[in-house]
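Note: the block below is upload_33.tsv and it holds TSV, C-alpha atoms and all ligand atoms.
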chain	number	residue	atom	x	y	z
A	24	MET	CA	224.74	179.41	179.69
A	25	GLU	CA	222.08	178.24	177.28
A	26	GLN	CA	223.41	177.38	173.85
A	27	SER	CA	221.59	178.74	170.86
A	28	PHE	CA	222.39	179.79	167.34
A	29	VAL	CA	222.47	183.50	166.64
A	30	SER	CA	221.84	184.68	163.10
A	31	ILE	CA	224.72	186.67	161.62
A	32	LYS	CA	222.20	189.42	160.82
A	33	LYS	CA	222.25	190.28	164.51
A	34	PHE	CA	225.98	190.86	164.47
A	35	ILE	CA	225.61	194.50	163.56
A	36	ASN	CA	224.60	195.17	167.19
A	37	GLU	CA	226.11	194.58	170.59
A	38	PRO	CA	227.10	192.29	172.16
A	39	TYR	CA	227.69	190.33	168.92
A	40	SER	CA	229.40	193.17	167.05
A	41	LYS	CA	232.31	192.86	169.47
A	42	ILE	CA	232.94	189.31	168.22
A	43	LEU	CA	232.56	190.08	164.54
A	44	GLY	CA	234.81	193.13	164.77
A	45	TYR	CA	237.08	192.65	167.73
A	46	PRO	CA	238.06	194.82	169.56
A	47	LYS	CA	236.00	197.54	167.86
A	48	ALA	CA	234.51	198.06	164.42
A	49	ASN	CA	232.32	200.69	162.79
A	50	SER	CA	229.03	199.83	161.14
A	51	ARG	CA	230.48	199.95	157.64
A	52	GLN	CA	233.12	197.36	158.60
A	53	LEU	CA	230.51	195.21	160.31
A	54	LYS	CA	228.16	195.29	157.32
A	55	SER	CA	230.94	194.37	154.97
A	56	ARG	CA	231.93	191.45	157.21
A	57	ILE	CA	228.32	190.22	157.35
A	58	SER	CA	228.11	190.11	153.57
A	59	GLU	CA	231.47	188.34	153.49
A	60	LEU	CA	230.02	185.70	155.82
A	61	GLU	CA	226.95	185.34	153.60
A	62	LYS	CA	229.23	184.55	150.68
A	63	LEU	CA	230.89	181.87	152.79
A	64	LYS	CA	227.42	180.44	153.51
A	65	ILE	CA	227.83	181.02	157.23
A	66	LYS	CA	224.36	181.78	158.56
A	67	SER	CA	224.69	181.59	162.32
A	68	VAL	CA	227.07	181.33	165.23
A	69	LEU	CA	226.81	179.23	168.36
A	70	PHE	CA	228.20	180.79	171.48
A	71	ALA	CA	229.92	178.05	173.41
A	72	GLY	CA	233.44	177.33	174.53
A	73	GLN	CA	235.91	177.87	177.31
A	74	THR	CA	236.79	181.51	176.66
A	75	THR	CA	234.52	184.52	177.04
A	76	ILE	CA	234.36	187.96	175.49
A	77	GLY	CA	231.96	190.01	177.57
A	78	ILE	CA	229.01	187.72	178.19
A	79	LEU	CA	229.60	185.51	175.14
A	80	GLN	CA	231.33	182.15	175.20
A	81	ILE	CA	233.73	181.45	172.35
A	82	LEU	CA	236.19	178.71	171.40
A	83	GLY	CA	239.25	180.88	171.82
A	84	LYS	CA	241.08	184.10	171.17
A	85	GLY	CA	244.61	184.87	170.04
A	86	TYR	CA	246.38	187.93	168.65
A	87	VAL	CA	245.20	187.27	165.12
A	88	GLY	CA	241.74	185.93	165.57
A	89	VAL	CA	238.65	185.25	167.61
A	90	VAL	CA	237.41	181.69	167.04
A	91	VAL	CA	233.75	180.72	167.34
A	92	LEU	CA	231.52	177.80	166.51
A	93	ALA	CA	229.42	178.43	163.43
A	94	LYS	CA	226.97	176.72	161.16
A	95	LYS	CA	227.82	176.36	157.49
A	96	LYS	CA	224.79	174.87	155.78
A	97	ASN	CA	224.11	172.04	158.24
A	98	ASP	CA	227.64	171.49	159.44
A	99	ILE	CA	229.21	172.80	162.61
A	100	VAL	CA	232.54	174.46	161.84
A	101	ALA	CA	235.13	176.59	163.58
A	102	LEU	CA	235.24	180.16	162.27
A	103	LYS	CA	238.37	182.23	162.83
A	104	ILE	CA	237.51	185.92	162.62
A	105	ARG	CA	240.40	188.30	161.91
A	106	ARG	CA	240.85	190.87	164.66
A	107	LEU	CA	240.84	194.45	163.43
A	108	ASP	CA	243.99	195.14	165.42
A	109	SER	CA	245.78	192.06	164.09
A	110	GLN	CA	249.25	192.30	162.54
A	111	ARG	CA	247.88	190.29	159.59
A	112	SER	CA	245.96	192.09	156.88
A	113	GLU	CA	244.18	189.02	155.54
A	114	MET	CA	243.51	185.35	156.31
A	115	GLN	CA	244.50	183.87	152.95
A	116	SER	CA	248.16	183.44	153.89
A	117	GLU	CA	247.29	181.42	156.95
A	118	ALA	CA	244.80	179.39	154.88
A	119	LYS	CA	247.50	178.57	152.36
A	120	LEU	CA	249.73	177.23	155.13
A	121	LEU	CA	246.88	175.28	156.71
A	122	ARG	CA	246.04	173.79	153.30
A	123	LEU	CA	249.64	172.63	153.00
A	124	ALA	CA	249.59	171.10	156.51
A	125	ASN	CA	246.35	169.34	155.52
A	126	THR	CA	248.17	167.60	152.65
A	127	VAL	CA	250.01	165.56	155.29
A	128	ASN	CA	246.89	165.21	157.46
A	129	VAL	CA	247.88	167.80	160.02
A	130	GLY	CA	245.64	170.46	161.51
A	131	PRO	CA	241.91	171.09	161.32
A	132	LYS	CA	240.63	170.65	157.76
A	133	LEU	CA	240.40	173.90	155.87
A	134	TYR	CA	236.95	174.41	154.37
A	135	ASP	CA	236.97	177.97	153.10
A	136	VAL	CA	238.64	181.34	153.43
A	137	SER	CA	238.08	185.02	152.67
A	138	LYS	CA	239.88	188.22	153.63
A	139	ASN	CA	238.64	188.28	157.22
A	140	PHE	CA	237.55	184.69	157.89
A	141	LEU	CA	238.93	181.22	157.93
A	142	VAL	CA	236.44	178.34	158.02
A	143	MET	CA	237.79	175.05	159.31
A	144	GLU	CA	236.99	171.78	161.01
A	145	TYR	CA	235.91	172.13	164.62
A	146	LEU	CA	238.19	170.13	166.88
A	147	GLU	CA	236.24	169.19	169.95
A	148	GLY	CA	238.56	168.61	172.86
A	149	ASP	CA	240.94	170.11	175.34
A	150	LYS	CA	244.18	172.00	175.11
A	151	ILE	CA	246.98	169.55	175.74
A	152	GLU	CA	248.10	171.07	179.02
A	153	ASN	CA	244.62	170.87	180.57
A	154	TRP	CA	244.20	167.41	179.17
A	155	ILE	CA	247.44	166.12	180.68
A	156	HIS	CA	246.64	167.70	184.03
A	157	SER	CA	243.25	166.01	184.09
A	158	LEU	CA	244.70	162.54	183.44
A	159	LYS	CA	244.35	160.17	186.34
A	160	GLY	CA	243.92	156.55	187.26
A	161	VAL	CA	244.44	153.32	185.36
A	162	GLY	CA	245.30	153.66	181.72
A	163	SER	CA	246.70	157.21	182.05
A	164	SER	CA	250.10	156.23	180.84
A	165	LYS	CA	248.73	154.38	177.83
A	166	LYS	CA	246.46	157.28	176.87
A	167	LEU	CA	249.23	159.82	177.32
A	168	LYS	CA	251.67	157.83	175.22
A	169	SER	CA	249.26	157.38	172.35
A	170	VAL	CA	248.36	161.09	172.22
A	171	VAL	CA	251.98	162.23	172.42
A	172	ARG	CA	252.96	159.76	169.76
A	173	ALA	CA	250.22	161.01	167.44
A	174	ILE	CA	251.34	164.61	167.94
A	175	LEU	CA	254.98	163.76	167.30
A	176	GLU	CA	253.96	161.95	164.13
A	177	ASP	CA	252.15	165.10	162.98
A	178	CYS	CA	255.36	166.99	163.68
A	179	TYR	CA	257.45	164.48	161.79
A	180	ARG	CA	255.25	164.66	158.71
A	181	LEU	CA	255.53	168.45	158.78
A	182	ASP	CA	259.31	168.24	159.21
A	183	GLN	CA	259.42	165.95	156.18
A	184	ILE	CA	257.77	168.54	153.93
A	185	GLY	CA	259.92	171.38	155.26
A	186	PHE	CA	257.03	173.06	157.06
A	187	ASP	CA	257.79	174.72	160.38
A	188	HIS	CA	254.78	175.42	162.62
A	189	GLY	CA	256.64	178.16	164.43
A	190	GLU	CA	254.87	178.28	167.77
A	191	LEU	CA	255.27	174.81	169.18
A	192	SER	CA	257.48	175.93	172.02
A	193	SER	CA	254.28	177.23	173.60
A	194	ILE	CA	252.66	173.91	172.94
A	195	SER	CA	249.71	174.33	175.23
A	196	LYS	CA	248.01	176.84	172.96
A	197	HIS	CA	248.70	174.87	169.81
A	198	VAL	CA	247.72	171.28	170.37
A	199	ILE	CA	244.14	170.13	170.83
A	200	VAL	CA	243.51	166.67	172.22
A	201	GLY	CA	240.20	165.62	170.81
A	202	LYS	CA	237.89	162.68	171.32
A	203	SER	CA	238.49	161.36	167.85
A	204	ARG	CA	241.67	163.15	166.84
A	205	SER	CA	244.52	165.14	168.37
A	206	THR	CA	246.35	167.61	166.22
A	207	LEU	CA	248.13	170.93	165.92
A	208	ILE	CA	246.28	174.21	165.39
A	209	ASP	CA	247.06	177.82	164.45
A	210	PHE	CA	249.37	178.00	161.46
A	211	GLU	CA	249.55	181.77	161.25
A	212	SER	CA	253.24	181.86	162.22
A	213	SER	CA	254.21	178.88	160.08
A	214	SER	CA	256.76	178.96	157.31
A	215	VAL	CA	258.25	176.82	154.60
A	216	ASN	CA	261.31	179.03	154.39
A	217	ARG	CA	263.14	178.26	157.60
A	218	ARG	CA	264.72	175.35	159.34
A	219	VAL	CA	262.03	173.04	160.72
A	220	SER	CA	261.88	172.29	164.42
A	221	ASN	CA	258.50	170.68	164.97
A	222	VAL	CA	259.63	167.36	166.45
A	223	THR	CA	262.33	168.94	168.56
A	224	SER	CA	260.12	171.76	169.88
A	225	VAL	CA	257.30	169.43	170.88
A	226	THR	CA	259.64	166.92	172.51
A	227	GLN	CA	261.29	169.71	174.45
A	228	ALA	CA	257.96	171.16	175.55
A	229	ILE	CA	256.55	167.82	176.68
A	230	PHE	CA	259.61	166.10	178.14
A	231	ILE	CA	262.28	168.67	178.89
A	232	GLY	CA	260.57	171.97	179.73
A	233	SER	CA	258.98	172.71	183.07
A	234	GLY	CA	255.18	172.57	183.48
A	235	ILE	CA	254.02	169.67	181.33
A	236	ALA	CA	257.24	167.66	181.70
A	237	LYS	CA	256.82	167.45	185.48
A	238	LYS	CA	253.35	166.01	185.13
A	239	VAL	CA	254.46	163.57	182.43
A	240	GLN	CA	257.23	162.29	184.70
A	241	ARG	CA	254.62	161.53	187.32
A	242	ILE	CA	252.62	159.48	184.84
A	243	TYR	CA	255.45	157.35	183.49
A	244	LYS	CA	259.16	157.05	183.92
A	245	VAL	CA	260.90	158.92	181.14
A	246	PRO	CA	264.65	158.67	180.53
A	247	PRO	CA	267.08	161.34	181.78
A	248	LYS	CA	266.81	164.65	179.94
A	249	GLN	CA	270.37	164.47	178.64
A	250	LYS	CA	269.63	161.19	176.91
A	251	ILE	CA	266.58	162.69	175.19
A	252	ILE	CA	268.62	165.70	174.12
A	253	ASP	CA	271.29	163.45	172.60
A	254	PHE	CA	268.75	161.60	170.46
A	255	LEU	CA	267.08	164.85	169.45
A	256	ARG	CA	270.42	166.19	168.31
A	257	ILE	CA	270.90	163.23	165.99
A	258	TYR	CA	267.35	163.61	164.70
A	259	LYS	CA	267.94	167.30	164.06
A	260	GLN	CA	270.93	166.50	161.88
A	261	GLU	CA	269.51	163.55	159.98
A	262	GLN	CA	265.72	163.98	160.05
A	263	THR	CA	265.31	160.41	158.88
A	264	GLN	CA	262.61	157.90	159.76
A	265	ARG	CA	265.23	155.94	161.66
A	266	SER	CA	266.37	158.83	163.80
A	267	PHE	CA	262.71	159.72	164.42
A	268	ASP	CA	261.96	156.12	165.46
A	269	ASP	CA	264.90	156.31	167.86
A	270	VAL	CA	263.38	159.41	169.45
A	271	LEU	CA	260.05	157.59	169.89
A	272	LYS	CA	261.86	154.61	171.33
A	273	ILE	CA	263.85	156.54	173.89
A	274	LEU	CA	260.60	158.26	174.93
A	275	LYS	CA	258.97	154.80	175.27
A	276	LEU	CA	256.32	155.71	172.77
A	301	LIG	N1	239.68	174.35	164.68
A	301	LIG	C1	239.49	174.67	165.96
A	301	LIG	N2	238.64	173.95	166.73
A	301	LIG	C2	238.45	174.28	168.03
A	301	LIG	N3	239.03	175.32	168.66
A	301	LIG	C3	239.89	176.09	167.95
A	301	LIG	C4	240.16	175.81	166.57
A	301	LIG	N4	241.03	176.73	166.11
A	301	LIG	C5	241.30	177.54	167.15
A	301	LIG	N5	240.62	177.19	168.26
A	301	LIG	C6	240.67	177.86	169.59
A	301	LIG	O1	240.84	179.26	169.40
A	301	LIG	C7	242.05	179.72	169.99
A	301	LIG	C8	242.67	180.81	169.12
A	301	LIG	O2	242.94	180.30	167.84
A	301	LIG	P1	244.34	180.55	167.13
A	301	LIG	O3	244.25	179.96	165.77
A	301	LIG	O4	245.44	180.11	168.01
A	301	LIG	O5	244.34	182.14	167.02
A	301	LIG	P2	245.56	183.16	166.88
A	301	LIG	O6	246.19	182.92	165.53
A	301	LIG	O7	244.95	184.49	167.01
A	301	LIG	O8	246.53	182.83	168.00
A	301	LIG	C9	242.90	178.45	170.14
A	301	LIG	O9	243.82	178.55	171.20
A	301	LIG	C10	241.85	177.39	170.40
A	301	LIG	O10	241.48	177.37	171.75
A	302	MG	MG	247.83	181.55	168.26
Please express the file's structure as structure tokens.
Ligand SMILES: Nc1ncnc2c1ncn2[C@@H]1O[C@H](COP(=O)(O)OP(=O)(O)O)[C@@H](O)[C@H]1O
Ligand SMILES: [Mg+2]
Amino acid sequence: MEQSFVSIKKFINEPYSKILGYPKANSRQLKSRISELEKLKIKSVLFAGQTTIGILQILGKGYVGVVVLAKKKNDIVALKIRRLDSQRSEMQSEAKLLRLANTVNVGPKLYDVSKNFLVMEYLEGDKIENWIHSLKGVGSSKKLKSVVRAILEDCYRLDQIGFDHGELSSISKHVIVGKSRSTLIDFESSSVNRRVSNVTSVTQAIFIGSGIAKKVQRIYKVPPKQKIIDFLRIYKQEQTQRSFDDVLKILKL
């Protein structure tokens, strides 16, 4: 499909209105959202990405938002548009959590927020599961180790500030492996009020669970699951740099 920018003025009509007000919005809601976008200095949207809604390509879709590429002044950004049927009534809470994750260099950079939109850094890359499955040939093991290590370090920095991502057990939707940077996304279920389990959830998903773990074992020889679990247990209790380093070591990272 040809890629071109579409002015937000066109979003009052189909097929674009379906993106701006997913799954369905009336013209009053659409108009109000267009003026909200104008305030955020978002002038146009670029339809590209691996997901589609109708005939339009987008970056992705979850239960809270529809994410598209957009132009803010001259920069390309990712725009998360609140779904009308979302359980969340605004985007500011998620933005607050993303801002906090950003303080330890985790997640796409937050640029701006309003009631129905979150404007953030566009992370060009692949979801981790697809990325791992596409790994082949010489250097796979080195590449894999460096990406997994970077993700676990993100997790450790979040653990250190008492910030729990909340959805890392389904890791595939929440880690983007980019050309320049790999990081976590989607902080809408995050919390600073519960026990953190970022490092343990990601380690489990990558090394102990089913899908990804099988592929990882084919790329390099990881230690027996029980051994990993033992080191994770110690980390869970202590959450110190030393116990984290021991986890990295046992995983040969
Ligand atoms: N900053 C980003 N850069 C690139 N793609 C993104 C970005 N944020 C989200 N996406 C894509 O959009 C999808 C949905 O975003 P997400 O924040 O998970 O929405 P939800 O909170 O509704 O689950 C993601 O799975 C991902 O594919
Ligand atoms: Mg999500």
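Nearest residue to ligand MG 302 (chain A), choosing from A:Tyr39, A:Phe210, A:Phe34, A:Tyr179 and counting all atoms listed in the file: A:Phe210.
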Residues within 10 Å of ligand MG 302 (chain A) (only C-alpha atoms and all ligand atoms), as number ranges by chain? A: 83-89, 190, 193, 196-197, 208-212
Could you save those same residues with C-alpha atoms as a compact mmCIF listing (two decimals), keeping the file's coordinate frame?
# COMPACT_ATOMS: atom_id res chain seq x y z
CA GLY A 83 239.25 180.88 171.82
CA LYS A 84 241.08 184.10 171.17
CA GLY A 85 244.61 184.87 170.04
CA TYR A 86 246.38 187.93 168.65
CA VAL A 87 245.20 187.27 165.12
CA GLY A 88 241.74 185.93 165.57
CA VAL A 89 238.65 185.25 167.61
CA GLU A 190 254.87 178.28 167.77
CA SER A 193 254.28 177.23 173.60
CA LYS A 196 248.01 176.84 172.96
CA HIS A 197 248.70 174.87 169.81
CA ILE A 208 246.28 174.21 165.39
CA ASP A 209 247.06 177.82 164.45
CA PHE A 210 249.37 178.00 161.46
CA GLU A 211 249.55 181.77 161.25
CA SER A 212 253.24 181.86 162.22
Residue neighbourhood Ile174 of chain A, 10 Å, only C-alpha atoms, exclusion window fewer than 3 positions, as a list of chain:residue names: A:Val129, A:Lys168, A:Ser169, A:Val170, A:Val171, A:Asp177, A:Cys178, A:Tyr179, A:Val198, A:Ile199, A:Val200, A:Arg204, A:Ser205, A:Thr206, A:Leu207, A:Asn221, A:Val222, A:Val225, A:Thr226
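Among the candidate residues A:Lys272, A:Arg122, A:Lys41, A:Arg106, the one lying nearest to ligand LIG 301 (chain A) is A:Arg106, with distances computed using all atoms listed in the file.
One finds atom CA of Phe186 of chain A at 8.4 Å from atom CA of Leu123 of chain A.
One finds atom CA of Leu69 of chain A at 21.5 Å from atom CA of Met114 of chain A.
The coordinates place atom CA of Leu133 of chain A at 12.9 Å from atom N3 of ligand LIG 301 (chain A).
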May I have the centre and edge lengths, in Å to one decimal, of an axis-aligned box around the listed atoms of ligand LIG 301 (chain A) with 6 Å added to every side, as AutoDock Vina command-line options?
--center_x 242.5 --center_y 179.2 --center_z 168.2 --size_x 20.1 --size_y 22.5 --size_z 19.1
Skipping near chain neighbours, those fewer than 2 positions away, what residues fall within 12 Å of Pro247 of chain A using only C-alpha atoms, listed as a list in words? Phe230, Ile231, Ala236, Gln240, Lys244, Val245, Gln249, Lys250, Ile251, Ile252, Asp253, Phe254, Ile273 and Leu274 of chain A
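When all atoms listed in the file are used to measure the gap to ligand LIG 301 (chain A), the shortest distance among A:Lys54, A:Lys119, A:Arg111, A:Arg265 belongs to A:Arg111.
When only C-alpha atoms and all ligand atoms are used to compute distances to ligand LIG 301 (chain A), the closest of the residues A:Ile57, A:Ile194, A:Ala124, A:Val29 turns out to be A:Ile194.
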Using all atoms listed in the file, find the one residue out of A:Ser137, A:Gln80, A:Thr74, A:Gln262 that sits nearest to Ile184 of chain A. A:Gln262
